[in-house]
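Colleague: Sending over target.pdb (PDB, C-alpha atoms and all ligand atoms).
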```pdb
ATOM      1  CA  MET A 169      -5.838  -9.139 -12.919  1.00  0.00           C
ATOM      2  CA  SER A 170      -4.512  -6.877 -10.179  1.00  0.00           C
ATOM      3  CA  ASP A 171      -1.293  -4.961 -10.746  1.00  0.00           C
ATOM      4  CA  PHE A 172      -0.762  -4.113  -7.076  1.00  0.00           C
ATOM      5  CA  SER A 173       2.798  -4.698  -5.940  1.00  0.00           C
ATOM      6  CA  VAL A 174       4.624  -3.644  -2.789  1.00  0.00           C
ATOM      7  CA  ASP A 175       7.518  -2.121  -4.749  1.00  0.00           C
ATOM      8  CA  GLY A 176       5.231  -0.384  -7.243  1.00  0.00           C
ATOM      9  CA  PHE A 177       3.065   1.098  -4.499  1.00  0.00           C
ATOM     10  CA  ALA A 178       6.078   2.223  -2.445  1.00  0.00           C
ATOM     11  CA  ALA A 179       7.681   3.969  -5.430  1.00  0.00           C
ATOM     12  CA  ALA A 180       4.457   5.727  -6.501  1.00  0.00           C
ATOM     13  CA  CYS A 181       3.583   6.794  -2.959  1.00  0.00           C
ATOM     14  CA  LYS A 182       7.081   8.182  -2.272  1.00  0.00           C
ATOM     15  CA  ASP A 183       7.004  10.133  -5.546  1.00  0.00           C
ATOM     16  CA  ALA A 184       3.592  11.588  -4.763  1.00  0.00           C
ATOM     17  CA  MET A 185       4.609  12.536  -1.206  1.00  0.00           C
ATOM     18  CA  ALA A 186       7.892  14.147  -2.323  1.00  0.00           C
ATOM     19  CA  SER A 187       6.210  16.509  -4.747  1.00  0.00           C
ATOM     20  CA  ALA A 188       3.134  17.294  -2.611  1.00  0.00           C
ATOM     21  CA  GLU A 189       2.584  20.313  -0.412  1.00  0.00           C
ATOM     22  CA  ASP A 190       0.743  18.045   2.060  1.00  0.00           C
ATOM     23  CA  ALA A 191       2.548  14.687   2.201  1.00  0.00           C
ATOM     24  CA  HIS A 192      -0.116  13.095   4.415  1.00  0.00           C
ATOM     25  CA  LYS A 193      -2.878  14.016   1.979  1.00  0.00           C
ATOM     26  CA  ALA A 194      -0.795  12.638  -0.903  1.00  0.00           C
ATOM     27  CA  MET A 195      -0.201   9.405   1.025  1.00  0.00           C
ATOM     28  CA  LYS A 196      -3.925   9.023   1.732  1.00  0.00           C
ATOM     29  CA  ILE A 197      -4.801   9.572  -1.943  1.00  0.00           C
ATOM     30  CA  CYS A 198      -2.261   6.882  -2.960  1.00  0.00           C
ATOM     31  CA  VAL A 199      -3.685   4.379  -0.453  1.00  0.00           C
ATOM     32  CA  GLU A 200      -7.260   5.181  -1.492  1.00  0.00           C
ATOM     33  CA  GLN A 201      -6.300   4.800  -5.149  1.00  0.00           C
ATOM     34  CA  ALA A 202      -4.702   1.411  -4.465  1.00  0.00           C
ATOM     35  CA  MET A 203      -7.903   0.292  -2.715  1.00  0.00           C
ATOM     36  CA  ALA A 204     -10.035   1.595  -5.585  1.00  0.00           C
ATOM     37  CA  ASP A 205      -7.909  -0.158  -8.233  1.00  0.00           C
ATOM     38  CA  ASN A 206      -7.542  -3.489  -6.402  1.00  0.00           C
ATOM     39  CA  THR A 207      -9.690  -5.752  -4.282  1.00  0.00           C
ATOM     40  CA  PRO A 208      -8.635  -6.382  -0.673  1.00  0.00           C
ATOM     41  CA  LYS A 209      -7.960  -9.971  -1.778  1.00  0.00           C
ATOM     42  CA  ASP A 210      -5.467  -8.760  -4.430  1.00  0.00           C
ATOM     43  CA  VAL A 211      -3.617  -6.597  -1.906  1.00  0.00           C
ATOM     44  CA  ILE A 212      -3.539  -9.451   0.637  1.00  0.00           C
ATOM     45  CA  ALA A 213      -2.104 -11.763  -2.042  1.00  0.00           C
ATOM     46  CA  ALA A 214       0.707  -9.284  -2.805  1.00  0.00           C
ATOM     47  CA  LEU A 215       1.451  -8.786   0.911  1.00  0.00           C
ATOM     48  CA  ASN A 216       1.435 -12.543   1.579  1.00  0.00           C
ATOM     49  CA  ALA A 217       3.907 -12.986  -1.271  1.00  0.00           C
ATOM     50  CA  ALA A 218       6.194 -10.360   0.313  1.00  0.00           C
ATOM     51  CA  VAL A 219       6.567 -12.096   3.704  1.00  0.00           C
ATOM     52  CA  PRO A 220       8.133 -15.467   4.569  1.00  0.00           C
ATOM     53  CA  PRO A 221       5.495 -18.244   4.648  1.00  0.00           C
ATOM     54  CA  ASP A 222       6.285 -19.117   8.272  1.00  0.00           C
ATOM     55  CA  ALA A 223       6.262 -15.546   9.558  1.00  0.00           C
ATOM     56  CA  ASP A 224       4.513 -15.564  12.910  1.00  0.00           C
ATOM     57  CA  ILE A 225       4.525 -11.992  14.133  1.00  0.00           C
ATOM     58  CA  GLY A 226       1.524  -9.704  14.142  1.00  0.00           C
ATOM     59  CA  GLU A 227       2.982  -6.883  12.094  1.00  0.00           C
ATOM     60  CA  LEU A 228       5.304  -7.560   9.214  1.00  0.00           C
ATOM     61  CA  ILE A 229       7.467  -4.993   7.475  1.00  0.00           C
ATOM     62  CA  VAL A 230       7.294  -5.502   3.714  1.00  0.00           C
ATOM     63  CA  HIS A 231       9.021  -2.237   2.744  1.00  0.00           C
ATOM     64  CA  ALA A 232      11.271   0.122   4.730  1.00  0.00           C
ATOM     65  CA  SER A 233      13.052   3.184   3.401  1.00  0.00           C
ATOM     66  CA  PRO A 234      13.790   6.596   4.967  1.00  0.00           C
ATOM     67  CA  GLU A 235      10.532   8.032   3.596  1.00  0.00           C
ATOM     68  CA  LEU A 236       8.150   5.096   3.888  1.00  0.00           C
ATOM     69  CA  THR A 237       7.394   1.898   5.787  1.00  0.00           C
ATOM     70  CA  MET A 238       4.752  -0.586   4.686  1.00  0.00           C
ATOM     71  CA  LEU A 239       3.556  -3.151   7.195  1.00  0.00           C
ATOM     72  CA  TYR A 240       1.289  -6.091   6.667  1.00  0.00           C
ATOM     73  CA  GLY A 241      -0.836  -5.930   9.794  1.00  0.00           C
ATOM     74  CA  ARG A 242      -2.229  -9.357  10.621  1.00  0.00           C
ATOM     75  CA  ILE A 243      -4.076  -8.831  13.845  1.00  0.00           C
ATOM     76  CA  PRO A 244      -4.922 -11.996  15.819  1.00  0.00           C
ATOM     77  CA  PRO A 245      -8.585 -12.615  16.752  1.00  0.00           C
ATOM     78  CA  ARG A 246      -9.777 -10.462  19.715  1.00  0.00           C
ATOM     79  CA  PHE A 247      -6.300  -8.867  20.031  1.00  0.00           C
ATOM     80  CA  GLN A 248      -6.078  -5.708  22.120  1.00  0.00           C
ATOM     81  CA  SER A 249      -2.885  -3.677  21.856  1.00  0.00           C
ATOM     82  CA  ALA A 250      -1.178  -1.420  24.344  1.00  0.00           C
ATOM     83  CA  ILE A 251      -1.535   2.327  23.806  1.00  0.00           C
ATOM     84  CA  HIS A 252       1.257   3.573  21.539  1.00  0.00           C
ATOM     85  CA  ASN A 253       2.279   6.287  19.112  1.00  0.00           C
ATOM     86  CA  HIS A 254       4.089   6.205  15.762  1.00  0.00           C
ATOM     87  CA  THR A 255       5.593   9.764  15.583  1.00  0.00           C
ATOM     88  CA  VAL A 256       5.156   9.802  11.795  1.00  0.00           C
ATOM     89  CA  ILE A 257       2.112  10.247   9.554  1.00  0.00           C
ATOM     90  CA  ALA A 258       0.224   7.046   8.791  1.00  0.00           C
ATOM     91  CA  CYS A 259      -2.596   5.579   6.730  1.00  0.00           C
ATOM     92  CA  ILE A 260      -4.254   2.248   7.452  1.00  0.00           C
ATOM     93  CA  ALA A 261      -6.201   0.436   4.733  1.00  0.00           C
ATOM     94  CA  GLN A 262      -8.432  -2.274   6.171  1.00  0.00           C
ATOM     95  CA  LEU A 263      -8.367  -5.425   4.022  1.00  0.00           C
ATOM     96  CA  GLU A 264     -10.156  -8.098   6.021  1.00  0.00           C
ATOM     97  CA  GLY A 265     -12.100  -8.091   9.288  1.00  0.00           C
ATOM     98  CA  GLU A 266     -12.392  -4.997  11.443  1.00  0.00           C
ATOM     99  CA  GLU A 267     -10.040  -2.886  13.513  1.00  0.00           C
ATOM    100  CA  ILE A 268     -11.129  -0.515  16.254  1.00  0.00           C
ATOM    101  CA  SER A 269      -8.728   2.343  16.908  1.00  0.00           C
ATOM    102  CA  HIS A 270      -9.108   3.834  20.394  1.00  0.00           C
ATOM    103  CA  ILE A 271      -7.782   7.389  20.146  1.00  0.00           C
ATOM    104  CA  TYR A 272      -6.072   9.197  23.035  1.00  0.00           C
ATOM    105  CA  LYS A 273      -4.518  12.586  23.590  1.00  0.00           C
ATOM    106  CA  ARG A 274      -2.089  13.915  26.125  1.00  0.00           C
ATOM    107  CA  ASP A 275      -3.560  15.674  29.174  1.00  0.00           C
ATOM    108  CA  GLY A 276      -0.604  16.936  31.222  1.00  0.00           C
ATOM    109  CA  ASP A 277       1.242  13.776  32.302  1.00  0.00           C
ATOM    110  CA  ASP A 278      -1.849  11.669  31.689  1.00  0.00           C
ATOM    111  CA  LEU A 279      -3.776  10.512  28.634  1.00  0.00           C
ATOM    112  CA  VAL A 280      -7.488  10.891  27.978  1.00  0.00           C
ATOM    113  CA  LYS A 281      -9.482   8.850  25.507  1.00  0.00           C
ATOM    114  CA  VAL A 282     -11.039  11.189  22.957  1.00  0.00           C
ATOM    115  CA  GLY A 283     -12.757   8.783  20.598  1.00  0.00           C
ATOM    116  CA  GLN A 284     -12.708   5.590  18.621  1.00  0.00           C
ATOM    117  CA  GLU A 285     -12.984   4.659  14.990  1.00  0.00           C
ATOM    118  CA  THR A 286     -13.858   1.273  13.471  1.00  0.00           C
ATOM    119  CA  ALA A 287     -12.362   0.391  10.087  1.00  0.00           C
ATOM    120  CA  VAL A 288     -14.034  -2.196   7.846  1.00  0.00           C
ATOM    121  CA  PRO A 289     -12.673  -3.553   4.531  1.00  0.00           C
ATOM    122  CA  ASP A 290     -11.893  -0.813   1.990  1.00  0.00           C
ATOM    123  CA  ASP A 291     -11.793   1.896   4.692  1.00  0.00           C
ATOM    124  CA  VAL A 292      -8.680   4.069   4.776  1.00  0.00           C
ATOM    125  CA  VAL A 293      -7.909   5.691   8.131  1.00  0.00           C
ATOM    126  CA  ALA A 294      -5.381   8.542   8.321  1.00  0.00           C
ATOM    127  CA  LEU A 295      -3.461   9.033  11.579  1.00  0.00           C
ATOM    128  CA  ARG A 296      -1.538  12.240  12.280  1.00  0.00           C
ATOM    129  CA  ALA A 297       2.105  12.112  13.332  1.00  0.00           C
ATOM    130  CA  ASP A 298       1.120  12.968  16.929  1.00  0.00           C
ATOM    131  CA  ALA A 299      -1.660  10.346  17.079  1.00  0.00           C
ATOM    132  CA  ILE A 300      -1.772   8.093  20.158  1.00  0.00           C
ATOM    133  CA  HIS A 301      -3.921   4.990  19.927  1.00  0.00           C
ATOM    134  CA  ALA A 302      -4.588   1.398  20.926  1.00  0.00           C
ATOM    135  CA  ILE A 303      -6.013  -1.072  18.457  1.00  0.00           C
ATOM    136  CA  GLU A 304      -8.482  -3.883  18.943  1.00  0.00           C
ATOM    137  CA  ASN A 305      -9.713  -6.683  16.722  1.00  0.00           C
ATOM    138  CA  PRO A 306     -13.326  -7.128  17.888  1.00  0.00           C
ATOM    139  CA  ASN A 307     -13.859 -10.348  15.909  1.00  0.00           C
ATOM    140  CA  HIS A 308     -12.994 -14.023  16.322  1.00  0.00           C
ATOM    141  CA  SER A 309     -11.126 -14.046  12.998  1.00  0.00           C
ATOM    142  CA  VAL A 310      -7.797 -12.534  11.918  1.00  0.00           C
ATOM    143  CA  GLY A 311      -7.930  -8.914  10.781  1.00  0.00           C
ATOM    144  CA  SER A 312      -5.676  -7.823   7.925  1.00  0.00           C
ATOM    145  CA  ALA A 313      -4.601  -4.340   6.991  1.00  0.00           C
ATOM    146  CA  LEU A 314      -1.993  -2.484   4.992  1.00  0.00           C
ATOM    147  CA  HIS A 315      -0.244   0.021   7.272  1.00  0.00           C
ATOM    148  CA  VAL A 316       1.711   2.817   5.585  1.00  0.00           C
ATOM    149  CA  TYR A 317       3.956   5.140   7.640  1.00  0.00           C
ATOM    150  CA  GLY A 318       5.833   8.269   6.554  1.00  0.00           C
ATOM    151  CA  GLY A 319       9.244   7.218   7.898  1.00  0.00           C
ATOM    152  CA  ASP A 320      11.475   4.218   8.472  1.00  0.00           C
ATOM    153  CA  PHE A 321       9.987   2.090  11.266  1.00  0.00           C
ATOM    154  CA  THR A 322      13.261   0.232  11.656  1.00  0.00           C
ATOM    155  CA  THR A 323      15.058   3.411  12.803  1.00  0.00           C
ATOM    156  CA  ILE A 324      12.440   5.498  14.668  1.00  0.00           C
ATOM    157  CA  SER A 325      11.685   3.099  17.540  1.00  0.00           C
ATOM    158  CA  GLY A 326      13.756   5.273  19.888  1.00  0.00           C
ATOM    159  CA  GLN A 327      11.417   8.222  19.364  1.00  0.00           C
ATOM    160  CA  ARG A 328       8.249   6.245  20.030  1.00  0.00           C
ATOM    161  CA  SER A 329       6.373   5.525  23.284  1.00  0.00           C
ATOM    162  CA  ILE A 330       3.959   3.028  24.735  1.00  0.00           C
ATOM    163  CA  TRP A 331       1.698   3.722  27.705  1.00  0.00           C
ATOM    164  CA  THR A 332       0.594   1.306  30.395  1.00  0.00           C
ATOM    165  CA  SER A 333      -3.130   0.595  30.205  1.00  0.00           C
ATOM    166  CA  GLU A 334      -3.789   0.984  33.929  1.00  0.00           C
ATOM    167  CA  ASP A 335      -2.064   4.223  34.912  1.00  0.00           C
ATOM    168  CA  HIS A 336      -1.007   5.590  31.496  1.00  0.00           C
ATOM    169  CA  GLU A 337       2.661   5.637  32.406  1.00  0.00           C
ATOM    170  CA  GLU A 338       4.709   6.582  29.322  1.00  0.00           C
ATOM    171  CA  ARG A 339       7.583   4.213  28.496  1.00  0.00           C
ATOM    172  CA  PRO A 340      10.109   3.910  25.648  1.00  0.00           C
ATOM    173  CA  PHE A 341       8.743   1.892  22.737  1.00  0.00           C
ATOM    174  CA  SER A 342      10.025  -1.496  21.663  1.00  0.00           C
ATOM    175  CA  PHE A 343       8.161  -4.351  19.975  1.00  0.00           C
ATOM    176  CA  PRO A 344       8.763  -6.720  22.964  1.00  0.00           C
ATOM    177  CA  GLU A 345       7.437  -4.021  25.350  1.00  0.00           C
ATOM    178  CA  LEU A 346       4.420  -3.416  23.101  1.00  0.00           C
ATOM    179  CA  LEU A 347       3.669  -7.141  23.113  1.00  0.00           C
ATOM    180  CA  LYS A 348       4.181  -7.422  26.881  1.00  0.00           C
ATOM    181  CA  GLU A 349       1.898  -4.474  27.641  1.00  0.00           C
ATOM    182  CA  SER A 350      -0.689  -5.747  25.133  1.00  0.00           C
ATOM    183  CA  VAL A 351      -0.740  -9.125  26.915  1.00  0.00           C
ATOM    184  CA  LYS A 352      -1.146  -7.289  30.238  1.00  0.00           C
ATOM    185  CA  THR A 353      -4.054  -5.270  28.806  1.00  0.00           C
ATOM    186  CA  MET A 354      -5.833  -8.431  27.616  1.00  0.00           C
ATOM    187  CA  LYS A 355      -5.199 -10.138  30.945  1.00  0.00           C
ATOM    188  CA  THR A 356      -6.625  -7.149  32.862  1.00  0.00           C
ATOM    189  CA  ASN A 357      -9.677  -7.242  30.591  1.00  0.00           C
ATOM    190  CA  GLY A 358     -10.158 -11.000  31.113  1.00  0.00           C
ATOM    191  CA  ASN A 359      -9.804 -11.411  27.346  1.00  0.00           C
ATOM    192  CA  GLU A 360      -9.027 -15.177  27.311  1.00  0.00           C
ATOM    193  CA  ASP A 361      -9.787 -15.565  23.590  1.00  0.00           C
ATOM    194  CA  GLY A 362      -7.385 -12.739  22.731  1.00  0.00           C
ATOM    195  CA  LEU A 363      -4.627 -14.242  24.912  1.00  0.00           C
ATOM    196  CA  ARG A 364      -5.077 -17.685  23.338  1.00  0.00           C
ATOM    197  CA  ALA A 365      -4.942 -16.226  19.826  1.00  0.00           C
ATOM    198  CA  VAL A 366      -1.865 -14.134  20.537  1.00  0.00           C
ATOM    199  CA  VAL A 367       0.046 -17.206  21.772  1.00  0.00           C
ATOM    200  CA  GLU A 368      -0.898 -19.028  18.586  1.00  0.00           C
ATOM    201  CA  ALA A 369       0.245 -16.082  16.426  1.00  0.00           C
ATOM    202  CA  ILE A 370       3.265 -15.136  18.536  1.00  0.00           C
ATOM    203  CA  PRO A 371       4.560 -18.100  20.575  1.00  0.00           C
ATOM    204  CA  ALA A 372       6.981 -15.781  22.429  1.00  0.00           C
ATOM    205  CA  ALA A 373       3.942 -14.335  24.234  1.00  0.00           C
ATOM    206  CA  ALA A 374       3.283 -17.580  26.157  1.00  0.00           C
ATOM    207  CA  PRO A 375       5.876 -17.025  28.931  1.00  0.00           C
ATOM    208  CA  MET A 376       4.659 -13.430  29.336  1.00  0.00           C
ATOM    209  CA  ILE A 377       1.137 -14.638  30.075  1.00  0.00           C
ATOM    210  CA  GLU A 378       2.476 -17.062  32.709  1.00  0.00           C
ATOM    211  CA  ALA A 379       4.684 -14.396  34.276  1.00  0.00           C
ATOM    212  CA  LEU A 380       2.011 -11.712  34.675  1.00  0.00           C
TER     213      LEU A 380
HETATM  214 FE    FE B   1      -0.529   1.865  15.755  1.00  0.00          FE
END
```
Starting from the file, give its structure as structure tokens.
Modeller:
Amino acid sequence: MSDFSVDGFAAACKDAMASAEDAHKAMKICVEQAMADNTPKDVIAALNAAVPPDADIGELIVHASPELTMLYGRIPPRFQSAIHNHTVIACIAQLEGEEISHIYKRDGDDLVKVGQETAVPDDVVALRADAIHAIENPNHSVGSALHVYGGDFTTISGQRSIWTSEDHEERPFSFPELLKESVKTMKTNGNEDGLRAVVEAIPAAAPMIEAL
């Protein structure tokens, strides 16, 4: 039987990061260890137990403290996100389905795409604090992941940015803006399946689709 728990993982990861010379490396080792000791199904069960049964948003915070945020990323089928940053170190453990991370870097006032990485179950992807990316679920099924960030997501929103997909205009981050720009991205791409799935997962997106 799995012994993975949100509280247990958070405590162990914070301890390891606090005493490490390289906190990001320590975080990645903790996430990799959790994936080695537990099946993706076990981790999903613990994350499901940590969120309300009727939760309908794409990313769910299951732990937030000054040093660490844990999100249960449930990415709707064919979802394409707006480009965004986190401003803190991160590790993503893929649990179910796939997630493509499109990686960008600043180029003066613009952004240039510098690569992409596809995570499949059991993969652990580390993202630097200055990482800028957009995510995509390439499949017609929900993708699940454990997202771990080296800071408190509930207080750092003001430091984060999103970028418009068309002209890479940098704007202050907020979850409603991220959702709005993600809907716009899917609309521009003619991604009808992604738009349908996002309305099912996040009913608040429906008026945005009409308005754009
Ligand atoms: Fe992200």
Colleague: Throw together the list of residues within 9 Å of ligand FE 1 (chain B), counting all atoms listed in the file, and drop it here as a PyMOL selection string.
Modeller: chain A and resi 249+251-254+258+269+295+299-303+315
Colleague: Please expand the PyMOL selection byres (((chain A and resi 255) around 12) and not hetatm) into the concrete residues it hits in this file, giving the result as a PyMOL selection string.
Modeller: chain A and resi 252-254+256-258+295-301+317-321+323-330+341
Colleague: With a cut-off of 6 Å, could you pull out the residues of range 235-300 of chain A touching range 342-362 of chain A and give me the nearest pair of atoms for each, distance in Å to one decimal, using all atoms listed in the file, ordered by chain and ascending number, as JSON lines?
Modeller:
```
{"residue": "A:Arg246", "atom": "CA", "partner": "A:Gly362", "partner_atom": "CA", "distance": 4.5}
{"residue": "A:Phe247", "atom": "CA", "partner": "A:Gly362", "partner_atom": "CA", "distance": 4.8}
{"residue": "A:Ser249", "atom": "CA", "partner": "A:Ser350", "partner_atom": "CA", "distance": 4.5}
{"residue": "A:Ala250", "atom": "CA", "partner": "A:Ser350", "partner_atom": "CA", "distance": 4.4}
```
Colleague: Would you tabulate, counting only C-alpha atoms, all residues of range 228-334 of chain A that have an atom at most 10 Å from an atom of range 368-371 of chain A, showing the closest pair of atoms and their distance in Å to one decimal, sorted by chain then ascending number, as a tab-separated table?
Modeller:
```
residue	atom	partner	partner_atom	distance
A:Arg242	CA	A:Ala369	CA	9.2
A:Ile243	CA	A:Ala369	CA	8.8
A:Pro244	CA	A:Ala369	CA	6.6
A:Pro245	CA	A:Ala369	CA	9.5
A:Val310	CA	A:Ala369	CA	9.9
```
Colleague: Take the PyMOL selection byres (((chain A and resi 174) around 9) and not hetatm), run it mentally on this structure, and tell me the resulting residues as a ChimeraX atom specification.
Modeller: /A:172-173,175-179,211,214-215,218,230-231,238
